[in-house]
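Shown next, in C-alpha coordinates, is the structure this report addresses.
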Amino acid sequence: MLAFVLLFTSIMLPAGQHASAAPSFAKGADISWVPGMEAQGYKWKDKNGVQRDIIDILKKDYQINSVRIRVFINPSNDYGNGYMNKDRAAALAQRAKNAGMSVMLTLHYSDSWADPGQQTKPAAWKNYTFQQLMDAVWNHTREVMTAMQSKGVTPDWVQIGNETSNGMLWEDGKASTNMKNYAWLVNTGHNAVKSLSSGSKTIVHLAGGDDNALYVWNIGGLINNGANFDMIAMSLYPSASGWNTAVTNTVNNAKDMINRYGKEIIISEIGMDNNQAAAGKSFVAAMKNQIRNLPNGKGKGVFYWEPQATPGYNSGYGKGAWQSNMMPTVVMEGFID
(Lines give C-alpha, C1' and ligand atoms only; values in the text may rest on other atoms or scores of the structure.)
Protein backbone atom coordinates (compact mmCIF):
# COMPACT_ATOMS: atom_id res chain seq x y z
CA MET A 1 0.00 0.00 0.00
CA LEU A 2 3.01 2.27 0.32
CA ALA A 3 2.85 3.63 -3.20
CA PHE A 4 -0.84 4.43 -2.82
CA VAL A 5 -0.34 6.24 0.47
CA LEU A 6 2.49 8.31 -0.93
CA LEU A 7 0.31 9.68 -3.69
CA PHE A 8 -1.42 11.82 -1.15
CA THR A 9 1.00 12.27 1.72
CA SER A 10 4.24 14.03 2.18
CA ILE A 11 7.33 11.91 2.66
CA MET A 12 10.30 12.27 4.94
CA LEU A 13 13.51 12.32 2.97
CA PRO A 14 16.65 10.70 4.35
CA ALA A 15 19.39 13.14 5.17
CA GLY A 16 22.37 13.45 2.92
CA GLN A 17 20.99 11.68 -0.16
CA HIS A 18 21.21 14.30 -2.87
CA ALA A 19 22.24 14.32 -6.47
CA SER A 20 25.53 16.03 -7.14
CA ALA A 21 25.27 19.45 -8.69
CA ALA A 22 23.96 19.08 -12.22
CA PRO A 23 25.63 21.21 -14.88
CA SER A 24 23.88 24.49 -15.54
CA PHE A 25 23.31 23.17 -19.06
CA ALA A 26 23.68 19.49 -19.92
CA LYS A 27 25.47 18.61 -23.13
CA GLY A 28 24.69 14.95 -23.14
CA ALA A 29 24.70 11.59 -24.86
CA ASP A 30 22.66 8.46 -24.32
CA ILE A 31 25.36 5.79 -24.16
CA SER A 32 23.25 2.80 -23.12
CA TRP A 33 24.47 0.65 -26.01
CA VAL A 34 28.11 1.05 -24.91
CA PRO A 35 28.33 -1.99 -22.58
CA GLY A 36 26.78 -4.29 -25.15
CA MET A 37 28.92 -2.90 -27.96
CA GLU A 38 32.04 -3.35 -25.84
CA ALA A 39 30.99 -6.94 -25.11
CA GLN A 40 30.76 -7.42 -28.88
CA GLY A 41 34.30 -6.12 -29.31
CA TYR A 42 33.70 -2.59 -30.55
CA LYS A 43 36.54 -0.12 -29.91
CA TRP A 44 36.19 3.55 -30.78
CA LYS A 45 38.69 5.94 -32.30
CA ASP A 46 38.80 9.72 -32.13
CA LYS A 47 38.93 12.01 -35.16
CA ASN A 48 42.70 11.49 -35.34
CA GLY A 49 42.32 7.72 -35.52
CA VAL A 50 43.56 7.15 -31.97
CA GLN A 51 41.74 4.37 -30.08
CA ARG A 52 40.38 5.70 -26.77
CA ASP A 53 37.61 5.04 -24.28
CA ILE A 54 34.36 6.32 -25.77
CA ILE A 55 33.43 8.25 -22.61
CA ASP A 56 36.81 9.99 -22.68
CA ILE A 57 36.34 10.95 -26.32
CA LEU A 58 32.85 12.33 -25.73
CA LYS A 59 33.96 14.40 -22.76
CA LYS A 60 37.30 15.75 -23.90
CA ASP A 61 36.68 16.15 -27.63
CA TYR A 62 33.02 17.21 -27.66
CA GLN A 63 32.40 18.82 -24.23
CA ILE A 64 29.83 16.18 -23.26
CA ASN A 65 29.23 16.63 -19.52
CA SER A 66 26.29 14.26 -18.99
CA VAL A 67 25.16 10.78 -20.00
CA ARG A 68 21.75 9.17 -20.24
CA ILE A 69 21.39 5.51 -19.29
CA ARG A 70 18.32 3.32 -19.69
CA VAL A 71 17.20 0.42 -17.54
CA PHE A 72 14.94 -2.45 -18.56
CA ILE A 73 13.37 -4.64 -15.87
CA ASN A 74 14.11 -8.23 -16.89
CA PRO A 75 15.85 -7.77 -20.26
CA SER A 76 17.05 -10.49 -22.57
CA ASN A 77 20.77 -10.83 -23.23
CA ASP A 78 20.30 -9.27 -26.68
CA TYR A 79 22.94 -6.53 -26.84
CA GLY A 80 20.80 -4.16 -28.90
CA ASN A 81 17.32 -4.69 -27.48
CA GLY A 82 17.94 -5.84 -23.92
CA TYR A 83 21.05 -6.27 -21.78
CA MET A 84 20.68 -3.08 -19.72
CA ASN A 85 19.54 -4.30 -16.34
CA LYS A 86 20.01 -2.24 -13.20
CA ASP A 87 23.46 -3.66 -12.41
CA ARG A 88 24.94 -2.98 -15.86
CA ALA A 89 23.38 0.48 -15.79
CA ALA A 90 24.88 1.19 -12.37
CA ALA A 91 28.34 0.10 -13.54
CA LEU A 92 28.07 2.37 -16.58
CA ALA A 93 26.88 5.25 -14.39
CA GLN A 94 29.92 4.76 -12.17
CA ARG A 95 32.23 4.99 -15.20
CA ALA A 96 30.55 8.22 -16.24
CA LYS A 97 30.74 9.72 -12.76
CA ASN A 98 34.40 8.76 -12.49
CA ALA A 99 34.90 10.77 -15.69
CA GLY A 100 33.24 13.77 -14.03
CA MET A 101 29.89 13.46 -15.79
CA SER A 102 26.33 13.79 -14.53
CA VAL A 103 23.81 10.99 -15.06
CA MET A 104 20.25 10.86 -16.35
CA LEU A 105 18.49 7.59 -15.53
CA THR A 106 15.75 6.51 -17.93
CA LEU A 107 13.33 3.95 -16.50
CA HIS A 108 11.48 2.11 -19.27
CA TYR A 109 9.28 0.05 -16.91
CA SER A 110 9.41 -2.73 -19.48
CA ASP A 111 11.60 -5.71 -20.35
CA SER A 112 12.55 -4.04 -23.66
CA TRP A 113 11.84 -0.80 -25.52
CA ALA A 114 9.10 1.51 -24.28
CA ASP A 115 8.16 4.19 -26.81
CA PRO A 116 5.04 5.74 -28.39
CA GLY A 117 4.20 2.49 -30.18
CA GLN A 118 4.72 0.09 -27.29
CA GLN A 119 4.52 0.42 -23.53
CA THR A 120 4.47 -3.27 -22.70
CA LYS A 121 4.32 -4.35 -19.09
CA PRO A 122 7.20 -6.50 -17.88
CA ALA A 123 6.26 -10.17 -18.09
CA ALA A 124 6.48 -10.46 -14.31
CA TRP A 125 3.92 -7.67 -13.88
CA LYS A 126 1.48 -8.84 -16.55
CA ASN A 127 -1.33 -9.94 -14.24
CA TYR A 128 -0.92 -7.32 -11.53
CA THR A 129 -3.83 -5.28 -10.26
CA PHE A 130 -3.35 -1.54 -10.62
CA GLN A 131 -2.41 -1.30 -6.94
CA GLN A 132 0.21 -4.02 -7.44
CA LEU A 133 1.44 -2.16 -10.53
CA MET A 134 1.96 1.02 -8.53
CA ASP A 135 3.77 -0.92 -5.83
CA ALA A 136 5.98 -2.52 -8.50
CA VAL A 137 6.83 0.90 -9.96
CA TRP A 138 7.70 2.13 -6.47
CA ASN A 139 9.89 -0.87 -5.70
CA HIS A 140 11.66 -1.01 -9.07
CA THR A 141 12.40 2.72 -9.07
CA ARG A 142 13.95 2.49 -5.64
CA GLU A 143 15.90 -0.67 -6.54
CA VAL A 144 17.53 1.01 -9.53
CA MET A 145 18.26 4.20 -7.60
CA THR A 146 19.77 2.14 -4.77
CA ALA A 147 21.89 0.12 -7.22
CA MET A 148 23.32 3.36 -8.61
CA GLN A 149 23.85 4.86 -5.16
CA SER A 150 25.74 1.72 -4.14
CA LYS A 151 28.21 2.65 -6.89
CA GLY A 152 28.45 6.20 -5.59
CA VAL A 153 26.10 7.67 -8.17
CA THR A 154 22.90 9.56 -7.49
CA PRO A 155 21.31 10.53 -10.82
CA ASP A 156 20.72 14.21 -11.36
CA TRP A 157 17.66 13.41 -13.46
CA VAL A 158 15.31 10.42 -13.56
CA GLN A 159 12.83 9.83 -16.35
CA ILE A 160 9.61 8.23 -15.12
CA GLY A 161 9.04 6.23 -18.28
CA ASN A 162 10.35 6.69 -21.80
CA GLU A 163 8.48 8.54 -24.57
CA THR A 164 5.19 8.13 -22.72
CA SER A 165 3.28 9.99 -25.43
CA ASN A 166 0.24 7.81 -24.73
CA GLY A 167 1.09 6.87 -21.18
CA MET A 168 2.89 3.82 -19.82
CA LEU A 169 2.37 0.23 -18.67
CA TRP A 170 -0.47 -0.43 -21.10
CA GLU A 171 -3.34 -1.00 -20.84
CA ASP A 172 -3.69 0.21 -17.24
CA GLY A 173 -1.68 3.38 -17.72
CA LYS A 174 -2.65 4.24 -21.30
CA ALA A 175 -3.25 7.98 -21.28
CA SER A 176 -5.92 8.00 -23.99
CA THR A 177 -8.10 5.65 -21.96
CA ASN A 178 -7.12 6.41 -18.37
CA MET A 179 -5.20 9.63 -17.82
CA LYS A 180 -5.73 9.34 -14.06
CA ASN A 181 -3.96 5.98 -13.88
CA TYR A 182 -1.08 7.39 -15.95
CA ALA A 183 -0.83 10.34 -13.55
CA TRP A 184 -0.79 8.03 -10.53
CA LEU A 185 1.99 5.92 -12.04
CA VAL A 186 4.04 9.08 -12.69
CA ASN A 187 3.39 10.17 -9.11
CA THR A 188 4.50 6.81 -7.78
CA GLY A 189 7.79 6.97 -9.69
CA HIS A 190 8.33 10.59 -8.69
CA ASN A 191 7.77 9.85 -5.01
CA ALA A 192 10.04 6.80 -5.15
CA VAL A 193 12.88 8.93 -6.56
CA LYS A 194 12.35 11.67 -4.01
CA SER A 195 12.30 9.15 -1.15
CA LEU A 196 15.97 8.44 -1.91
CA SER A 197 17.17 11.75 -3.36
CA SER A 198 15.32 15.01 -2.88
CA GLY A 199 17.71 16.73 -5.30
CA SER A 200 17.15 14.44 -8.28
CA LYS A 201 14.82 16.00 -10.86
CA THR A 202 12.01 13.80 -12.15
CA ILE A 203 11.09 13.94 -15.82
CA VAL A 204 8.13 13.12 -18.05
CA HIS A 205 9.42 12.45 -21.56
CA LEU A 206 7.36 12.52 -24.75
CA ALA A 207 8.31 11.96 -28.38
CA GLY A 208 7.72 14.50 -31.17
CA GLY A 209 9.04 17.64 -29.52
CA ASP A 210 7.59 19.72 -32.36
CA ASP A 211 4.03 18.49 -31.69
CA ASN A 212 2.54 21.08 -29.35
CA ALA A 213 -0.94 19.55 -29.34
CA LEU A 214 0.47 16.27 -28.00
CA TYR A 215 2.24 18.05 -25.16
CA VAL A 216 -0.74 20.17 -24.17
CA TRP A 217 -2.91 17.04 -24.05
CA ASN A 218 -0.44 14.79 -22.24
CA ILE A 219 1.31 17.18 -19.85
CA GLY A 220 -1.87 19.12 -19.22
CA GLY A 221 -3.73 15.89 -18.56
CA LEU A 222 -1.11 14.74 -16.06
CA ILE A 223 -1.18 18.03 -14.18
CA ASN A 224 -4.99 18.14 -14.19
CA ASN A 225 -4.93 14.69 -12.59
CA GLY A 226 -2.52 15.74 -9.85
CA ALA A 227 0.74 14.32 -11.17
CA ASN A 228 3.95 15.63 -9.62
CA PHE A 229 7.15 15.85 -11.67
CA ASP A 230 9.88 18.42 -12.16
CA MET A 231 10.75 18.59 -15.85
CA ILE A 232 9.46 17.94 -19.36
CA ALA A 233 11.70 16.10 -21.82
CA MET A 234 11.35 15.94 -25.59
CA SER A 235 12.65 13.82 -28.46
CA LEU A 236 13.32 15.15 -31.95
CA TYR A 237 14.60 13.24 -34.99
CA PRO A 238 14.21 15.56 -38.00
CA SER A 239 15.28 15.05 -41.58
CA ALA A 240 18.34 16.81 -42.97
CA SER A 241 16.08 18.96 -45.13
CA GLY A 242 13.52 19.81 -42.44
CA TRP A 243 15.49 20.31 -39.27
CA ASN A 244 15.24 24.11 -39.22
CA THR A 245 11.45 24.03 -39.09
CA ALA A 246 11.47 21.16 -36.60
CA VAL A 247 13.79 23.05 -34.25
CA THR A 248 11.67 26.21 -34.51
CA ASN A 249 8.51 24.28 -33.70
CA THR A 250 10.19 22.44 -30.83
CA VAL A 251 11.51 25.65 -29.30
CA ASN A 252 8.07 27.25 -29.62
CA ASN A 253 6.55 24.20 -27.97
CA ALA A 254 9.11 24.43 -25.16
CA LYS A 255 8.25 28.09 -24.61
CA ASP A 256 4.55 27.20 -24.48
CA MET A 257 5.22 24.48 -21.88
CA ILE A 258 7.15 26.99 -19.78
CA ASN A 259 4.35 29.55 -20.07
CA ARG A 260 1.58 27.06 -19.29
CA TYR A 261 3.16 24.92 -16.61
CA GLY A 262 6.37 26.61 -15.43
CA LYS A 263 8.35 23.41 -15.99
CA GLU A 264 12.01 23.13 -16.92
CA ILE A 265 12.72 21.67 -20.36
CA ILE A 266 15.36 19.15 -21.41
CA ILE A 267 15.84 17.55 -24.82
CA SER A 268 16.66 13.97 -23.92
CA GLU A 269 16.88 12.54 -27.43
CA ILE A 270 18.01 13.96 -30.74
CA GLY A 271 19.53 12.34 -33.79
CA MET A 272 19.94 12.66 -37.54
CA ASP A 273 20.90 10.30 -40.34
CA ASN A 274 24.54 9.30 -40.10
CA ASN A 275 25.11 10.11 -43.78
CA GLN A 276 23.96 13.73 -43.27
CA ALA A 277 26.69 14.66 -40.80
CA ALA A 278 27.15 18.29 -41.85
CA ALA A 279 23.43 18.98 -41.46
CA GLY A 280 23.50 17.00 -38.22
CA LYS A 281 26.24 19.20 -36.80
CA SER A 282 24.25 22.34 -37.64
CA PHE A 283 21.11 20.79 -36.13
CA VAL A 284 22.89 19.92 -32.87
CA ALA A 285 24.39 23.40 -32.59
CA ALA A 286 21.05 25.11 -33.24
CA MET A 287 19.20 22.92 -30.76
CA LYS A 288 21.87 23.45 -28.10
CA ASN A 289 21.93 27.22 -28.53
CA GLN A 290 18.17 27.72 -28.65
CA ILE A 291 17.32 25.44 -25.74
CA ARG A 292 20.05 27.05 -23.64
CA ASN A 293 18.43 30.44 -24.30
CA LEU A 294 14.88 29.52 -23.35
CA PRO A 295 13.13 32.06 -21.09
CA ASN A 296 13.91 32.25 -17.37
CA GLY A 297 16.77 29.78 -17.60
CA LYS A 298 14.29 26.92 -18.05
CA GLY A 299 16.23 25.16 -20.82
CA LYS A 300 18.44 22.59 -19.10
CA GLY A 301 20.14 20.49 -21.75
CA VAL A 302 20.31 18.47 -24.96
CA PHE A 303 21.22 14.77 -25.27
CA TYR A 304 22.24 12.99 -28.49
CA TRP A 305 20.89 9.45 -28.67
CA GLU A 306 23.57 6.75 -28.93
CA PRO A 307 26.22 8.76 -30.84
CA GLN A 308 28.68 5.85 -30.55
CA ALA A 309 26.49 3.67 -32.80
CA THR A 310 28.02 2.80 -36.16
CA PRO A 311 25.92 2.76 -39.37
CA GLY A 312 23.35 -0.01 -39.27
CA TYR A 313 24.08 -1.12 -35.71
CA ASN A 314 21.40 -3.36 -34.17
CA SER A 315 19.79 -4.35 -37.47
CA GLY A 316 19.66 -0.92 -39.00
CA TYR A 317 19.99 2.05 -36.65
CA GLY A 318 21.31 4.88 -38.79
CA LYS A 319 21.48 7.99 -36.62
CA GLY A 320 24.72 7.45 -34.72
CA ALA A 321 27.79 9.68 -35.00
CA TRP A 322 30.56 7.14 -35.62
CA GLN A 323 31.51 5.58 -38.93
CA SER A 324 32.13 1.93 -39.75
CA ASN A 325 35.89 2.63 -39.50
CA MET A 326 35.23 3.51 -35.83
CA MET A 327 36.09 7.18 -36.36
CA PRO A 328 33.54 9.95 -35.69
CA THR A 329 31.60 12.06 -38.10
CA VAL A 330 31.40 15.81 -37.45
CA VAL A 331 27.93 15.62 -35.84
CA MET A 332 29.04 15.86 -32.23
CA GLU A 333 31.11 18.97 -33.00
CA GLY A 334 27.78 20.80 -32.77
CA PHE A 335 28.10 20.55 -28.98
CA ILE A 336 31.40 22.43 -28.89
CA ASP A 337 31.16 26.06 -27.76
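Residues in the C-alpha coordinates are named by chain (A, B, ... in the order shown) and by number from 1 within that chain; ligands are numbered from 1 in the order shown.
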For the interface of segment 207-275 of chain A with segment 324-334 of chain A (cut-off 10 Å, counting only C-alpha atoms), please tabulate each contacting residue of segment 207-275 of chain A alongside its nearest pair of atoms and their separation in Å to one decimal, rows sorted by chain and increasing number, as JSON lines.
```
{"residue": "A:Gly271", "atom": "CA", "partner": "A:Val331", "partner_atom": "CA", "distance": 9.2}
{"residue": "A:Met272", "atom": "CA", "partner": "A:Val331", "partner_atom": "CA", "distance": 8.7}
{"residue": "A:Asp273", "atom": "CA", "partner": "A:Val331", "partner_atom": "CA", "distance": 9.9}
{"residue": "A:Asn274", "atom": "CA", "partner": "A:Thr329", "partner_atom": "CA", "distance": 7.8}
{"residue": "A:Asn275", "atom": "CA", "partner": "A:Thr329", "partner_atom": "CA", "distance": 8.8}
```
For those residues, write N, CA, C and O atoms to a file as a PDB file, in the first residue's frame.
```pdb
ATOM      1  N   GLY A 271      18.698  13.101 -32.874  1.00  0.00           N
ATOM      2  CA  GLY A 271      19.525  12.341 -33.792  1.00  0.00           C
ATOM      3  C   GLY A 271      19.195  12.728 -35.223  1.00  0.00           C
ATOM      4  O   GLY A 271      18.131  13.279 -35.508  1.00  0.00           O
ATOM      5  N   MET A 272      20.147  12.443 -36.107  1.00  0.00           N
ATOM      6  CA  MET A 272      19.940  12.664 -37.539  1.00  0.00           C
ATOM      7  C   MET A 272      20.704  11.604 -38.304  1.00  0.00           C
ATOM      8  O   MET A 272      21.675  11.045 -37.794  1.00  0.00           O
ATOM      9  N   ASP A 273      20.275  11.345 -39.531  1.00  0.00           N
ATOM     10  CA  ASP A 273      20.904  10.303 -40.336  1.00  0.00           C
ATOM     11  C   ASP A 273      22.417  10.448 -40.374  1.00  0.00           C
ATOM     12  O   ASP A 273      22.951  11.536 -40.600  1.00  0.00           O
ATOM     13  N   ASN A 274      23.081   9.343 -40.142  1.00  0.00           N
ATOM     14  CA  ASN A 274      24.545   9.299 -40.097  1.00  0.00           C
ATOM     15  C   ASN A 274      25.185   9.856 -41.362  1.00  0.00           C
ATOM     16  O   ASN A 274      26.252  10.469 -41.312  1.00  0.00           O
ATOM     17  N   ASN A 275      24.528   9.662 -42.506  1.00  0.00           N
ATOM     18  CA  ASN A 275      25.114  10.110 -43.776  1.00  0.00           C
ATOM     19  C   ASN A 275      24.786  11.563 -44.098  1.00  0.00           C
ATOM     20  O   ASN A 275      25.057  12.039 -45.212  1.00  0.00           O
TER      21      ASN A 275
END
```
Residues at most 12 Å from segment 166-171 of chain A, counting only C-alpha atoms, excluding those fewer than 5 positions away in the same chain, as a PyMOL selection string?
chain A and resi 107-111+113-123+125-130+133-134+136-137+160-161+176-186+189+204-208+214-215+217-219+221-222
Which residues are close to Ser315 of chain A, i.e. within 12 Å by only C-alpha atoms, leaving aside same-chain residues fewer than 2 positions away? Reply as an mmCIF file with N, CA and C atoms, in the first residue's frame.
```cif
data_model
loop_
_atom_site.group_PDB
_atom_site.id
_atom_site.type_symbol
_atom_site.label_atom_id
_atom_site.label_comp_id
_atom_site.auth_asym_id
_atom_site.auth_seq_id
_atom_site.Cartn_x
_atom_site.Cartn_y
_atom_site.Cartn_z
ATOM 1 N N ASP A 78 20.087 -9.887 -25.371
ATOM 2 C CA ASP A 78 20.302 -9.270 -26.677
ATOM 3 C C ASP A 78 20.974 -7.911 -26.477
ATOM 4 N N TYR A 79 22.158 -7.745 -27.084
ATOM 5 C CA TYR A 79 22.941 -6.529 -26.843
ATOM 6 C C TYR A 79 22.212 -5.269 -27.282
ATOM 7 N N GLY A 80 21.445 -5.356 -28.365
ATOM 8 C CA GLY A 80 20.800 -4.164 -28.897
ATOM 9 C C GLY A 80 19.463 -3.849 -28.259
ATOM 10 N N ASN A 81 18.714 -4.882 -27.894
ATOM 11 C CA ASN A 81 17.323 -4.694 -27.478
ATOM 12 C C ASN A 81 17.046 -5.111 -26.039
ATOM 13 N N ALA A 309 26.976 4.704 -31.884
ATOM 14 C CA ALA A 309 26.493 3.670 -32.805
ATOM 15 C C ALA A 309 27.091 3.872 -34.197
ATOM 16 N N THR A 310 27.509 2.780 -34.787
ATOM 17 C CA THR A 310 28.021 2.802 -36.161
ATOM 18 C C THR A 310 26.871 2.553 -37.131
ATOM 19 N N PRO A 311 27.036 2.883 -38.411
ATOM 20 C CA PRO A 311 25.925 2.756 -39.365
ATOM 21 C C PRO A 311 25.340 1.344 -39.395
ATOM 22 N N GLY A 312 24.031 1.268 -39.192
ATOM 23 C CA GLY A 312 23.348 -0.009 -39.271
ATOM 24 C C GLY A 312 23.433 -0.866 -38.034
ATOM 25 N N TYR A 313 23.979 -0.333 -36.931
ATOM 26 C CA TYR A 313 24.077 -1.124 -35.706
ATOM 27 C C TYR A 313 22.691 -1.603 -35.263
ATOM 28 N N TYR A 317 20.051 0.684 -37.163
ATOM 29 C CA TYR A 317 19.994 2.049 -36.646
ATOM 30 C C TYR A 317 20.976 2.928 -37.408
ATOM 31 N N GLY A 318 20.497 4.063 -37.897
ATOM 32 C CA GLY A 318 21.308 4.880 -38.786
ATOM 33 C C GLY A 318 21.520 6.310 -38.357
#
```
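Every protein or nucleic acid residue with an atom no more than 10 Å from Ile64 of chain A, counting only C-alpha atoms and leaving out same-chain residues fewer than 4 positions away, appears here: Ala26, Lys27, Gly28, Ala29, Ile55, Asp56, Ile57, Leu58, Lys59, Lys60, Met101, Ser102, Val302, Phe303, Tyr304, Met332, Phe335 and Ile336 of chain A.
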Going by DSSP on the backbone, which bits of segment 146-333 of chain A are strand (DSSP E or B)? Write them as number ranges by chain, please.
A: 157-160, 165, 167, 170, 174, 201-206, 231-236, 264-270, 299-305, 317, 322, 328
Using DSSP on the backbone coordinates, identify all residues within segment 139-177 of chain A classified as alpha helix (DSSP H); present the result as a list in words.
Asn139, His140, Thr141, Arg142, Glu143, Val144, Met145, Thr146, Ala147, Met148, Gln149 and Ser150 of chain A
Selected residues written out, all heavy atoms, as an mmCIF file, in the first residue's frame:
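The result, written out as result.cif:
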```cif
data_model
loop_
_atom_site.group_PDB
_atom_site.id
_atom_site.type_symbol
_atom_site.label_atom_id
_atom_site.label_comp_id
_atom_site.auth_asym_id
_atom_site.auth_seq_id
_atom_site.Cartn_x
_atom_site.Cartn_y
_atom_site.Cartn_z
ATOM 1 N N ASN A 139 8.777 -0.007 -6.083
ATOM 2 C CA ASN A 139 9.892 -0.868 -5.696
ATOM 3 C C ASN A 139 11.011 -0.877 -6.735
ATOM 4 O O ASN A 139 12.196 -0.783 -6.392
ATOM 5 C CB ASN A 139 9.390 -2.297 -5.462
ATOM 6 C CG ASN A 139 8.526 -2.417 -4.225
ATOM 7 O OD1 ASN A 139 8.727 -1.681 -3.250
ATOM 8 N ND2 ASN A 139 7.557 -3.314 -4.249
ATOM 9 N N HIS A 140 10.648 -0.975 -8.017
ATOM 10 C CA HIS A 140 11.663 -1.008 -9.074
ATOM 11 C C HIS A 140 12.439 0.304 -9.124
ATOM 12 O O HIS A 140 13.671 0.308 -9.256
ATOM 13 C CB HIS A 140 11.015 -1.283 -10.432
ATOM 14 C CG HIS A 140 11.945 -1.158 -11.592
ATOM 15 N ND1 HIS A 140 12.965 -2.054 -11.836
ATOM 16 C CD2 HIS A 140 12.033 -0.229 -12.583
ATOM 17 C CE1 HIS A 140 13.635 -1.694 -12.925
ATOM 18 N NE2 HIS A 140 13.092 -0.581 -13.386
ATOM 19 N N THR A 141 11.742 1.414 -9.021
ATOM 20 C CA THR A 141 12.401 2.723 -9.070
ATOM 21 C C THR A 141 13.433 2.832 -7.947
ATOM 22 O O THR A 141 14.573 3.255 -8.167
ATOM 23 C CB THR A 141 11.360 3.848 -8.968
ATOM 24 O OG1 THR A 141 10.409 3.699 -10.029
ATOM 25 C CG2 THR A 141 12.010 5.211 -9.048
ATOM 26 N N ARG A 142 13.031 2.427 -6.765
ATOM 27 C CA ARG A 142 13.949 2.486 -5.636
ATOM 28 C C ARG A 142 15.104 1.493 -5.788
ATOM 29 O O ARG A 142 16.242 1.798 -5.414
ATOM 30 C CB ARG A 142 13.191 2.244 -4.322
ATOM 31 C CG ARG A 142 12.380 3.461 -3.867
ATOM 32 C CD ARG A 142 11.584 3.170 -2.599
ATOM 33 N NE ARG A 142 12.416 2.628 -1.539
ATOM 34 C CZ ARG A 142 13.011 3.360 -0.586
ATOM 35 N NH1 ARG A 142 12.878 4.686 -0.589
ATOM 36 N NH2 ARG A 142 13.728 2.780 0.363
ATOM 37 N N GLU A 143 14.836 0.325 -6.336
ATOM 38 C CA GLU A 143 15.903 -0.667 -6.538
ATOM 39 C C GLU A 143 16.978 -0.138 -7.490
ATOM 40 O O GLU A 143 18.176 -0.316 -7.240
ATOM 41 C CB GLU A 143 15.318 -1.970 -7.089
ATOM 42 C CG GLU A 143 14.568 -2.798 -6.069
ATOM 43 C CD GLU A 143 13.782 -3.929 -6.704
ATOM 44 O OE1 GLU A 143 13.932 -4.167 -7.923
ATOM 45 O OE2 GLU A 143 12.999 -4.582 -5.974
ATOM 46 N N VAL A 144 16.556 0.491 -8.576
ATOM 47 C CA VAL A 144 17.533 1.012 -9.529
ATOM 48 C C VAL A 144 18.303 2.186 -8.925
ATOM 49 O O VAL A 144 19.528 2.278 -9.058
ATOM 50 C CB VAL A 144 16.854 1.420 -10.851
ATOM 51 C CG1 VAL A 144 17.882 2.009 -11.818
ATOM 52 C CG2 VAL A 144 16.164 0.222 -11.494
ATOM 53 N N MET A 145 17.593 3.085 -8.271
ATOM 54 C CA MET A 145 18.265 4.200 -7.600
ATOM 55 C C MET A 145 19.278 3.689 -6.578
ATOM 56 O O MET A 145 20.413 4.176 -6.502
ATOM 57 C CB MET A 145 17.232 5.090 -6.906
ATOM 58 C CG MET A 145 16.371 5.937 -7.835
ATOM 59 S SD MET A 145 17.261 7.339 -8.567
ATOM 60 C CE MET A 145 17.430 8.407 -7.115
ATOM 61 N N THR A 146 18.882 2.687 -5.799
ATOM 62 C CA THR A 146 19.773 2.136 -4.774
ATOM 63 C C THR A 146 20.984 1.459 -5.407
ATOM 64 O O THR A 146 22.109 1.572 -4.894
ATOM 65 C CB THR A 146 18.998 1.149 -3.883
ATOM 66 O OG1 THR A 146 17.919 1.847 -3.244
ATOM 67 C CG2 THR A 146 19.892 0.554 -2.814
ATOM 68 N N ALA A 147 20.765 0.754 -6.521
ATOM 69 C CA ALA A 147 21.890 0.117 -7.219
ATOM 70 C C ALA A 147 22.898 1.164 -7.671
ATOM 71 O O ALA A 147 24.120 0.960 -7.548
ATOM 72 C CB ALA A 147 21.383 -0.690 -8.411
ATOM 73 N N MET A 148 22.416 2.297 -8.183
ATOM 74 C CA MET A 148 23.325 3.361 -8.611
ATOM 75 C C MET A 148 24.007 4.004 -7.404
ATOM 76 O O MET A 148 25.218 4.258 -7.419
ATOM 77 C CB MET A 148 22.584 4.391 -9.453
ATOM 78 C CG MET A 148 22.215 3.865 -10.826
ATOM 79 S SD MET A 148 21.844 5.174 -12.020
ATOM 80 C CE MET A 148 21.846 4.218 -13.549
ATOM 81 N N GLN A 149 23.247 4.245 -6.350
ATOM 82 C CA GLN A 149 23.845 4.858 -5.163
ATOM 83 C C GLN A 149 24.902 3.954 -4.532
ATOM 84 O O GLN A 149 25.877 4.439 -3.959
ATOM 85 C CB GLN A 149 22.743 5.218 -4.161
ATOM 86 C CG GLN A 149 21.903 6.408 -4.621
ATOM 87 C CD GLN A 149 20.792 6.775 -3.653
ATOM 88 O OE1 GLN A 149 20.271 5.942 -2.922
ATOM 89 N NE2 GLN A 149 20.415 8.049 -3.651
ATOM 90 N N SER A 150 24.731 2.637 -4.679
ATOM 91 C CA SER A 150 25.736 1.716 -4.144
ATOM 92 C C SER A 150 27.060 1.826 -4.888
ATOM 93 O O SER A 150 28.110 1.430 -4.369
ATOM 94 C CB SER A 150 25.215 0.276 -4.219
ATOM 95 O OG SER A 150 25.258 -0.221 -5.544
#
```
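Shortest separation to Ala277 of chain A among A:Thr250, A:Gln323, A:Ser235, A:Asn289 occurs at residue A:Gln323, atoms counted being only C-alpha atoms.
Picture a line from atom CA of Lys281 of chain A to atom CA of Asp53 of chain A; it runs 22.1 Å.
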Contact residues around segment 84-92 of chain A with only C-alpha atoms at 6 Å, ignoring same-chain residues under 2 positions, as a ChimeraX atom specification:
/A:71-72,82,94-95,144,148
